[in-house]
Each structure stands twice: as C-alpha cells, then as structure tokens.
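Just run_10.cif here, mmCIF, C-alpha atoms:
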```cif
data_upload
loop_
_atom_site.group_PDB
_atom_site.id
_atom_site.type_symbol
_atom_site.label_atom_id
_atom_site.label_comp_id
_atom_site.auth_asym_id
_atom_site.auth_seq_id
_atom_site.Cartn_x
_atom_site.Cartn_y
_atom_site.Cartn_z
ATOM 1 C CA MET A 30 -27.690 37.733 76.671
ATOM 2 C CA ASN A 31 -26.947 38.607 80.253
ATOM 3 C CA PHE A 32 -27.487 41.696 82.376
ATOM 4 C CA TYR A 33 -24.316 43.425 81.111
ATOM 5 C CA ASP A 34 -25.470 43.100 77.492
ATOM 6 C CA ILE A 35 -28.904 44.520 78.234
ATOM 7 C CA ILE A 36 -27.388 47.523 80.033
ATOM 8 C CA PHE A 37 -25.017 48.055 77.100
ATOM 9 C CA TYR A 38 -27.849 48.029 74.556
ATOM 10 C CA ILE A 39 -29.860 50.494 76.663
ATOM 11 C CA PHE A 40 -26.938 52.925 76.940
ATOM 12 C CA ALA A 41 -26.028 52.531 73.261
ATOM 13 C CA ALA A 42 -29.646 53.243 72.265
ATOM 14 C CA ILE A 43 -29.773 56.341 74.503
ATOM 15 C CA THR A 44 -26.486 57.614 73.070
ATOM 16 C CA LEU A 45 -27.235 57.035 69.415
ATOM 17 C CA LEU A 46 -30.887 58.149 69.453
ATOM 18 C CA SER A 47 -30.146 61.365 71.302
ATOM 19 C CA ALA A 48 -27.142 62.020 69.042
ATOM 20 C CA LEU A 49 -29.459 61.571 66.060
ATOM 21 C CA PHE A 50 -31.851 64.111 67.547
ATOM 22 C CA VAL A 51 -28.942 66.496 68.228
ATOM 23 C CA VAL A 52 -28.063 66.635 64.555
ATOM 24 C CA THR A 53 -31.626 66.651 63.193
ATOM 25 C CA THR A 54 -33.699 68.925 65.453
ATOM 26 C CA ARG A 55 -34.029 72.430 64.139
ATOM 27 C CA ASN A 56 -34.302 74.028 67.565
ATOM 28 C CA ILE A 57 -30.823 74.708 68.938
ATOM 29 C CA VAL A 58 -31.879 74.673 72.586
ATOM 30 C CA HIS A 59 -33.478 71.248 72.107
ATOM 31 C CA SER A 60 -30.260 70.057 70.468
ATOM 32 C CA ALA A 61 -28.287 71.196 73.496
ATOM 33 C CA PHE A 62 -30.591 69.245 75.802
ATOM 34 C CA TYR A 63 -30.399 66.106 73.657
ATOM 35 C CA LEU A 64 -26.628 66.496 73.834
ATOM 36 C CA LEU A 65 -27.005 66.127 77.611
ATOM 37 C CA PHE A 66 -28.473 62.642 77.117
ATOM 38 C CA THR A 67 -25.732 61.745 74.655
ATOM 39 C CA PHE A 68 -23.075 62.653 77.211
ATOM 40 C CA PHE A 69 -24.843 60.639 79.895
ATOM 41 C CA GLY A 70 -25.111 57.636 77.575
ATOM 42 C CA VAL A 71 -21.419 57.845 76.711
ATOM 43 C CA ALA A 72 -20.604 58.057 80.422
ATOM 44 C CA GLY A 73 -22.639 54.876 80.939
ATOM 45 C CA ILE A 74 -20.638 53.151 78.198
ATOM 46 C CA TYR A 75 -17.418 54.232 79.954
ATOM 47 C CA VAL A 76 -18.696 52.632 83.162
ATOM 48 C CA LEU A 77 -19.407 49.398 81.278
ATOM 49 C CA LEU A 78 -15.814 49.472 80.034
ATOM 50 C CA GLY A 79 -14.516 49.724 83.588
ATOM 51 C CA ALA A 80 -13.546 53.398 83.397
ATOM 52 C CA ASP A 81 -15.295 54.806 86.453
ATOM 53 C CA PHE A 82 -13.058 57.846 86.899
ATOM 54 C CA ILE A 83 -13.359 58.855 83.228
ATOM 55 C CA ALA A 84 -17.141 58.478 83.415
ATOM 56 C CA ILE A 85 -17.354 60.850 86.367
ATOM 57 C CA SER A 86 -14.986 63.290 84.666
ATOM 58 C CA GLN A 87 -17.137 63.088 81.554
ATOM 59 C CA ILE A 88 -20.245 64.063 83.508
ATOM 60 C CA LEU A 89 -18.463 66.793 85.490
ATOM 61 C CA ILE A 90 -16.627 68.394 82.583
ATOM 62 C CA TYR A 91 -18.978 67.828 79.645
ATOM 63 C CA VAL A 92 -22.349 68.257 81.324
ATOM 64 C CA GLY A 93 -21.200 70.683 83.991
ATOM 65 C CA GLY A 94 -18.855 72.722 81.866
ATOM 66 C CA ILE A 95 -18.961 72.342 78.112
ATOM 67 C CA LEU A 96 -22.730 72.001 77.760
ATOM 68 C CA ILE A 97 -23.330 75.074 79.924
ATOM 69 C CA LEU A 98 -20.771 76.932 77.828
ATOM 70 C CA LEU A 99 -22.562 75.868 74.631
ATOM 71 C CA LEU A 100 -25.913 77.011 76.046
ATOM 72 C CA PHE A 101 -24.368 80.367 76.915
ATOM 73 C CA GLY A 102 -23.067 80.515 73.359
ATOM 74 C CA VAL A 103 -26.565 79.865 72.020
ATOM 75 C CA MET A 104 -28.132 82.462 74.275
ATOM 76 C CA LEU A 105 -25.521 85.143 73.612
ATOM 77 C CA THR A 106 -25.554 84.801 69.834
ATOM 78 C CA ASN A 107 -29.281 85.040 69.136
ATOM 79 C CA LYS A 108 -31.790 87.784 69.493
ATOM 80 C CA ILE A 109 -33.984 86.071 72.048
ATOM 81 C CA THR A 110 -37.650 86.668 71.453
ATOM 82 C CA ASN A 111 -38.947 83.278 72.594
ATOM 83 C CA VAL A 112 -37.523 79.842 73.289
ATOM 84 C CA GLU A 113 -37.734 78.828 69.632
ATOM 85 C CA ILE A 114 -34.193 79.384 68.423
ATOM 86 C CA ARG A 115 -33.924 77.764 65.022
ATOM 87 C CA THR A 116 -30.977 77.009 62.843
ATOM 88 C CA GLY A 117 -30.812 76.744 59.091
ATOM 89 C CA THR A 118 -29.428 73.699 57.388
ATOM 90 C CA VAL A 119 -27.513 73.298 54.146
ATOM 91 C CA HIS A 120 -26.774 70.357 51.831
ATOM 92 C CA MET A 121 -29.007 67.931 53.725
ATOM 93 C CA LEU A 122 -29.197 65.188 51.089
ATOM 94 C CA PRO A 123 -25.547 65.082 49.937
ATOM 95 C CA ALA A 124 -24.391 65.204 53.541
ATOM 96 C CA ALA A 125 -26.748 62.389 54.515
ATOM 97 C CA ILE A 126 -25.542 60.233 51.614
ATOM 98 C CA ALA A 127 -21.862 60.978 52.240
ATOM 99 C CA SER A 128 -21.945 60.381 55.981
ATOM 100 C CA GLY A 129 -24.124 57.295 55.413
ATOM 101 C CA ILE A 130 -21.531 55.825 53.053
ATOM 102 C CA PHE A 131 -18.776 56.743 55.501
ATOM 103 C CA MET A 132 -20.675 55.107 58.333
ATOM 104 C CA GLY A 133 -21.272 51.955 56.312
ATOM 105 C CA ALA A 134 -17.611 51.703 55.385
ATOM 106 C CA VAL A 135 -16.307 52.241 58.911
ATOM 107 C CA VAL A 136 -18.859 49.889 60.480
ATOM 108 C CA ALA A 137 -18.028 47.218 57.893
ATOM 109 C CA VAL A 138 -14.330 47.529 58.697
ATOM 110 C CA MET A 139 -15.032 47.368 62.425
ATOM 111 C CA VAL A 140 -17.219 44.291 62.077
ATOM 112 C CA TRP A 141 -15.107 42.299 59.642
ATOM 113 C CA THR A 142 -11.694 42.922 61.124
ATOM 114 C CA GLU A 143 -10.430 40.096 63.279
ATOM 115 C CA TRP A 144 -9.541 42.076 66.404
ATOM 116 C CA LYS A 145 -6.994 40.403 68.613
ATOM 117 C CA SER A 146 -8.952 41.106 71.736
ATOM 118 C CA GLU A 147 -7.859 39.788 75.068
ATOM 119 C CA PRO A 148 -9.895 41.509 77.773
ATOM 120 C CA SER A 149 -7.519 42.758 80.408
ATOM 121 C CA VAL A 150 -8.537 42.801 84.028
ATOM 122 C CA ILE A 151 -9.438 46.402 84.816
ATOM 123 C CA PRO A 152 -9.119 47.042 88.558
ATOM 124 C CA LEU A 153 -12.319 47.826 90.396
ATOM 125 C CA THR A 154 -11.288 51.418 91.076
ATOM 126 C CA THR A 155 -9.034 53.012 88.511
ATOM 127 C CA THR A 156 -8.428 56.391 90.143
ATOM 128 C CA LYS A 157 -5.248 55.422 91.968
ATOM 129 C CA ASP A 158 -3.677 53.835 88.898
ATOM 130 C CA ILE A 159 -4.620 56.742 86.660
ATOM 131 C CA GLY A 160 -3.084 59.163 89.142
ATOM 132 C CA HIS A 161 0.044 57.039 89.256
ATOM 133 C CA LEU A 162 0.286 56.960 85.453
ATOM 134 C CA LEU A 163 -0.288 60.737 85.242
ATOM 135 C CA LEU A 164 2.693 61.432 87.467
ATOM 136 C CA THR A 165 5.047 58.827 86.004
ATOM 137 C CA ASP A 166 4.629 57.839 82.351
ATOM 138 C CA TYR A 167 2.557 60.803 81.232
ATOM 139 C CA VAL A 168 3.987 63.545 83.406
ATOM 140 C CA LEU A 169 5.205 65.612 80.440
ATOM 141 C CA ILE A 170 1.787 65.590 78.747
ATOM 142 C CA PHE A 171 0.198 66.343 82.107
ATOM 143 C CA GLU A 172 2.339 69.464 82.593
ATOM 144 C CA LEU A 173 1.812 70.567 78.989
ATOM 145 C CA LEU A 174 -1.954 70.260 79.433
ATOM 146 C CA GLY A 175 -1.742 72.449 82.517
ATOM 147 C CA ILE A 176 0.022 75.127 80.489
ATOM 148 C CA LEU A 177 -2.459 74.660 77.637
ATOM 149 C CA LEU A 178 -5.412 75.178 79.959
ATOM 150 C CA LEU A 179 -3.845 78.357 81.331
ATOM 151 C CA VAL A 180 -3.203 79.649 77.802
ATOM 152 C CA ALA A 181 -6.763 78.756 76.742
ATOM 153 C CA LEU A 182 -8.183 80.544 79.785
ATOM 154 C CA ILE A 183 -6.221 83.747 79.165
ATOM 155 C CA GLY A 184 -6.777 83.533 75.400
ATOM 156 C CA ALA A 185 -10.535 83.045 75.674
ATOM 157 C CA ALA A 186 -10.846 85.921 78.149
ATOM 158 C CA SER A 187 -8.786 88.247 75.968
ATOM 159 C CA ILE A 188 -10.588 87.291 72.736
ATOM 160 C CA ALA A 189 -14.082 87.646 74.179
ATOM 161 C CA ARG A 190 -13.650 90.793 76.267
ATOM 162 C CA ARG A 191 -15.256 93.998 75.099
ATOM 163 C CA ASP A 192 -12.989 96.702 73.761
ATOM 164 C CA LYS A 193 -12.764 99.801 75.827
ATOM 165 C CA GLU A 194 -14.592 102.583 74.055
ATOM 166 C CA MET B 19 -23.262 38.107 67.979
ATOM 167 C CA LEU B 20 -25.550 39.412 70.705
ATOM 168 C CA HIS B 21 -22.851 38.979 73.304
ATOM 169 C CA VAL B 22 -21.201 42.363 73.797
ATOM 170 C CA GLY B 23 -17.551 42.491 72.826
ATOM 171 C CA LEU B 24 -15.040 44.938 71.422
ATOM 172 C CA THR B 25 -16.874 45.193 68.093
ATOM 173 C CA HIS B 26 -20.060 46.527 69.660
ATOM 174 C CA PHE B 27 -18.276 49.454 71.251
ATOM 175 C CA LEU B 28 -16.417 50.208 68.020
ATOM 176 C CA VAL B 29 -19.664 50.180 66.011
ATOM 177 C CA VAL B 30 -21.349 52.554 68.463
ATOM 178 C CA SER B 31 -18.368 54.876 68.211
ATOM 179 C CA ALA B 32 -18.374 54.708 64.386
ATOM 180 C CA ILE B 33 -22.069 55.622 64.215
ATOM 181 C CA LEU B 34 -21.548 58.475 66.686
ATOM 182 C CA PHE B 35 -18.650 59.745 64.547
ATOM 183 C CA SER B 36 -20.775 59.759 61.372
ATOM 184 C CA LEU B 37 -23.588 61.582 63.160
ATOM 185 C CA GLY B 38 -21.074 64.184 64.287
ATOM 186 C CA ILE B 39 -19.827 64.651 60.733
ATOM 187 C CA TYR B 40 -23.408 64.971 59.489
ATOM 188 C CA GLY B 41 -24.065 67.653 62.106
ATOM 189 C CA ILE B 42 -20.945 69.597 61.215
ATOM 190 C CA VAL B 43 -21.673 69.533 57.487
ATOM 191 C CA THR B 44 -25.372 70.394 57.539
ATOM 192 C CA ARG B 45 -25.741 72.963 60.309
ATOM 193 C CA LYS B 46 -25.407 76.673 59.643
ATOM 194 C CA ASN B 47 -25.097 77.838 63.217
ATOM 195 C CA ALA B 48 -21.504 77.846 64.496
ATOM 196 C CA VAL B 49 -22.574 76.609 67.949
ATOM 197 C CA MET B 50 -24.216 73.584 66.307
ATOM 198 C CA VAL B 51 -20.957 72.854 64.492
ATOM 199 C CA LEU B 52 -19.276 72.832 67.902
ATOM 200 C CA MET B 53 -21.810 70.286 69.134
ATOM 201 C CA GLY B 54 -20.889 68.055 66.177
ATOM 202 C CA ILE B 55 -17.226 68.322 67.159
ATOM 203 C CA GLU B 56 -18.095 67.275 70.704
ATOM 204 C CA LEU B 57 -19.882 64.183 69.344
ATOM 205 C CA ILE B 58 -16.785 63.261 67.322
ATOM 206 C CA LEU B 59 -14.465 63.707 70.323
ATOM 207 C CA ASN B 60 -16.772 61.500 72.399
ATOM 208 C CA SER B 61 -16.692 58.759 69.776
ATOM 209 C CA ALA B 62 -12.890 58.901 69.720
ATOM 210 C CA ASN B 63 -12.910 58.562 73.493
ATOM 211 C CA ILE B 64 -15.118 55.474 73.350
ATOM 212 C CA ASN B 65 -12.538 53.908 71.034
ATOM 213 C CA PHE B 66 -9.652 54.760 73.344
ATOM 214 C CA ILE B 67 -11.370 53.286 76.381
ATOM 215 C CA ALA B 68 -12.637 50.194 74.523
ATOM 216 C CA PHE B 69 -9.122 49.376 73.345
ATOM 217 C CA SER B 70 -7.846 50.110 76.826
ATOM 218 C CA LYS B 71 -10.042 47.304 78.116
ATOM 219 C CA TYR B 72 -9.883 44.795 75.261
ATOM 220 C CA GLY B 73 -6.372 45.442 73.983
ATOM 221 C CA ASN B 74 -4.482 44.634 77.170
ATOM 222 C CA PHE B 75 -2.599 47.949 77.301
ATOM 223 C CA GLY B 76 -3.223 48.657 80.955
ATOM 224 C CA LEU B 77 -4.839 51.983 81.722
ATOM 225 C CA SER B 78 -3.024 54.088 79.107
ATOM 226 C CA GLY B 79 -6.153 54.409 76.977
ATOM 227 C CA GLN B 80 -8.098 55.845 79.879
ATOM 228 C CA VAL B 81 -5.379 58.411 80.583
ATOM 229 C CA ILE B 82 -5.393 59.494 76.931
ATOM 230 C CA ALA B 83 -9.203 59.762 77.067
ATOM 231 C CA LEU B 84 -8.791 62.096 80.051
ATOM 232 C CA PHE B 85 -6.417 64.241 77.964
ATOM 233 C CA VAL B 86 -8.979 64.349 75.145
ATOM 234 C CA ILE B 87 -11.648 65.573 77.580
ATOM 235 C CA VAL B 88 -9.310 68.344 78.761
ATOM 236 C CA LEU B 89 -8.546 69.353 75.165
ATOM 237 C CA ALA B 90 -12.277 69.414 74.383
ATOM 238 C CA ALA B 91 -12.862 71.786 77.288
ATOM 239 C CA ALA B 92 -10.108 74.145 76.147
ATOM 240 C CA GLU B 93 -11.342 73.973 72.550
ATOM 241 C CA ALA B 94 -14.928 74.768 73.556
ATOM 242 C CA ALA B 95 -13.838 77.807 75.566
ATOM 243 C CA ILE B 96 -11.715 79.265 72.751
ATOM 244 C CA ALA B 97 -14.306 78.487 70.071
ATOM 245 C CA LEU B 98 -17.113 80.131 72.067
ATOM 246 C CA ALA B 99 -14.948 83.235 72.512
ATOM 247 C CA ILE B 100 -14.369 83.384 68.756
ATOM 248 C CA VAL B 101 -18.085 82.839 68.080
ATOM 249 C CA LEU B 102 -18.976 85.726 70.406
ATOM 250 C CA ASN B 103 -16.532 87.964 68.539
ATOM 251 C CA ILE B 104 -18.029 86.918 65.205
ATOM 252 C CA TYR B 105 -21.475 87.751 66.535
ATOM 253 C CA LYS B 106 -20.262 91.181 67.652
ATOM 254 C CA THR B 107 -18.900 91.848 64.163
ATOM 255 C CA PHE B 108 -21.527 90.309 61.864
ATOM 256 C CA SER B 109 -24.636 90.078 64.076
ATOM 257 C CA ASN B 110 -25.091 86.418 63.162
ATOM 258 C CA VAL B 111 -23.115 83.209 63.488
ATOM 259 C CA ASN B 112 -24.099 81.392 60.303
ATOM 260 C CA VAL B 113 -20.931 79.809 59.009
ATOM 261 C CA ASP B 114 -22.034 79.990 55.367
ATOM 262 C CA GLU B 115 -22.404 83.767 55.425
ATOM 263 C CA ILE B 116 -19.176 84.635 57.175
ATOM 264 C CA ASP B 117 -16.534 84.703 54.474
ATOM 265 C CA HIS B 118 -14.113 87.439 55.480
ATOM 266 C CA LEU B 119 -12.080 88.121 58.585
ATOM 267 C CA LYS B 120 -12.948 91.790 59.191
ATOM 268 C CA GLU B 121 -15.940 93.905 58.294
#
```

Please lay out the structure from this file as structure tokens.
Amino acid sequence: MNFYDIIFYIFAAITLLSALFVVTTRNIVHSAFYLLFTFFGVAGIYVLLGADFIAISQILIYVGGILILLLFGVMLTNKITNVEIRTGTVHMLPAAIASGIFMGAVVAVMVWTEWKSEPSVIPLTTTKDIGHLLLTDYVLIFELLGILLLVALIGAASIARRDKE
Amino acid sequence: MLHVGLTHFLVVSAILFSLGIYGIVTRKNAVMVLMGIELILNSANINFIAFSKYGNFGLSGQVIALFVIVLAAAEAAIALAIVLNIYKTFSNVNVDEIDHLKE
C-alpha cells in the first residue's frame, strides 16, 4: 500500500460518503453542499487517473456552474421562510432494496471480470493532446456540441422567461 | 487486492451510480432528481477516464468525458428552466404530484 493507494482511498471515501449524504439528507440545501464534496472527490479521482485537464474542467463547470444553477433552482422553487428546505421521499424501502441489488450485481461483475488492463502511459500534461484530438478526430462532435450549447442557451432562456402580461 | 487498479475505480463508479439511482427514485423534489442525474453522469465519467488509462486507448476516453461534462451542463440549464416553469404553473416541484402538462 503506497502513497497513491492511500490518496485513492481518501478520495473514494470522500466521494462515496458525501454522495450517500446527498441522497439521504432531507434538507435540500445540505444535499447541494454535500454534492460539492462529491464533485471535488470525483475531480481528485480524475487526477489520480492522470486526467488533469478533465479534473479542472470538472471543478470549473460542475462546482462553478451546475451546482450554482442547482442552488438557484432550489431557492427559486421554494417559499423561503428559513434555511430548512425539506424534501419528501417516496418508496424508501423498495428503492433501497432495488438499488442495493443492482449495486451488488454491478460490483460483482466489475470484480469478477478478468479485465485486460494494460496501463498506458498518460503524458504528464494532457491539455495539448486533448486539444489536438478535439480538432482532428473529434472535430465533428466538437462542432455539434457548440451548436448544442447555443441551442440549450436560447432554449433555456426562452422556456424560463416570464410571459409579457 | 489493496493495490489500486482498474477494478477499484470501476467499483467506486458502480456504487456512485447506484446511489444516484436511489436518489432519483426516492426524492420528490425535481431539483433533487437532477442531483441524482449528476451523480450518475459523474460515475459514467469515472468509467470513461479509468478505461482511458487502463485500456490503452490513448486519450479518447478523456475527450469523451469532456463531452459528457458539456452535455451535463446543457441538460442542467434546460431542466432548471423547465422546473421553474413547473413551479410557476403548479406552485410546487414535487414530481409525484405533477401529472398533467397544463393546468
């Protein structure tokens, strides 16, 4: 068990524990803040896998963008009287059993499969290579995503705007 | 077994996926359902990047993970807009009470 393993277990514990709190806390605002730790933990796992650029993007886009958006969603869709914004839950027991069985099955498959793993040498900085791939092999998807983001921007603005009285 | 390899990352991602599904199924609030979806997308991304390192595919997995992050951002924006509209119409966002498209 070397340093890398210890760091991995720390990040995995942060990710999974905070994800567990996200789905079990009844206070929505607390859930949103636990989600912050989940995103940070996942970013740490990306770093361990040699994906530095993706880890930074994860923090910038998820924590800086999506989480703020979700918090706005929470604030705008509740009558705020205090910070205790609670959410109801349904089907706790069947859902716990079903997702537990699902988890057991998937984990068993992951553990027992003989993966043909040959660790490739990830370069120390991946940004240049990712940029190169984006403009050569994946240029079509790259352009389509640009159009998709524009459409999503216009669509979200037009769906959410208030009607003129 | 304690030495971290491909399997460890896959197991973490599988557990994260199940937690996301649990969140989606049990929560009433539509914003909480969105948080479950974000957990699931993150677990998919862990898989992509883990196979990118251990599967000897070059950096393709990381590029695809970047695309997934972009899609998640677009999806969150659109979904929040829809949730705001639902709140304007029904005055709550509990997904078990909203069962028709107009008032």

Selection result for the PyMOL selection byres ((chain A) within 7 of (chain B)) on this file, as a PyMOL selection string: chain A and resi 30+34+41+45+48-49+52+78+80+83+95+99+102-103+106+116-121+124-125+128+131-132+135-136+139-140+146-149+151+159+178+181+185+188-189

Nearest to A:Phe82, chosen from A:Gly133, A:Gly94, A:Pro152, A:Gly175, with only C-alpha atoms counted in the distances: A:Pro152

Atomic separation - atom CA of A:Phe69 relative to atom CA of A:Val51, Å: 13.7 Å

Å distance separating atom CA of A:Lys108 from atom CA of A:Arg55, one decimal place: 16.4 Å

Straight-line distance linking atom CA of A:Ala42 with atom CA of A:Met104, stated in Å to one decimal: 29.3 Å

The PyMOL selection byres ((chain B and resi 119) around 12) resolved against shown file, as number ranges by chain: B: 100, 103-104, 107-108, 115-118, 120-121

Residues as selected, C-alpha atoms, written as a PDB file, in the coordinates of the input, can you do that?
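Below is the file that was written, part07.pdb:
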```pdb
ATOM      1  CA  ILE B 100     -14.369  83.384  68.756  1.00  0.00           C
ATOM      2  CA  ASN B 103     -16.532  87.964  68.539  1.00  0.00           C
ATOM      3  CA  ILE B 104     -18.029  86.918  65.205  1.00  0.00           C
ATOM      4  CA  THR B 107     -18.900  91.848  64.163  1.00  0.00           C
ATOM      5  CA  PHE B 108     -21.527  90.309  61.864  1.00  0.00           C
ATOM      6  CA  GLU B 115     -22.404  83.767  55.425  1.00  0.00           C
ATOM      7  CA  ILE B 116     -19.176  84.635  57.175  1.00  0.00           C
ATOM      8  CA  ASP B 117     -16.534  84.703  54.474  1.00  0.00           C
ATOM      9  CA  HIS B 118     -14.113  87.439  55.480  1.00  0.00           C
ATOM     10  CA  LYS B 120     -12.948  91.790  59.191  1.00  0.00           C
ATOM     11  CA  GLU B 121     -15.940  93.905  58.294  1.00  0.00           C
TER      12      GLU B 121
END
```
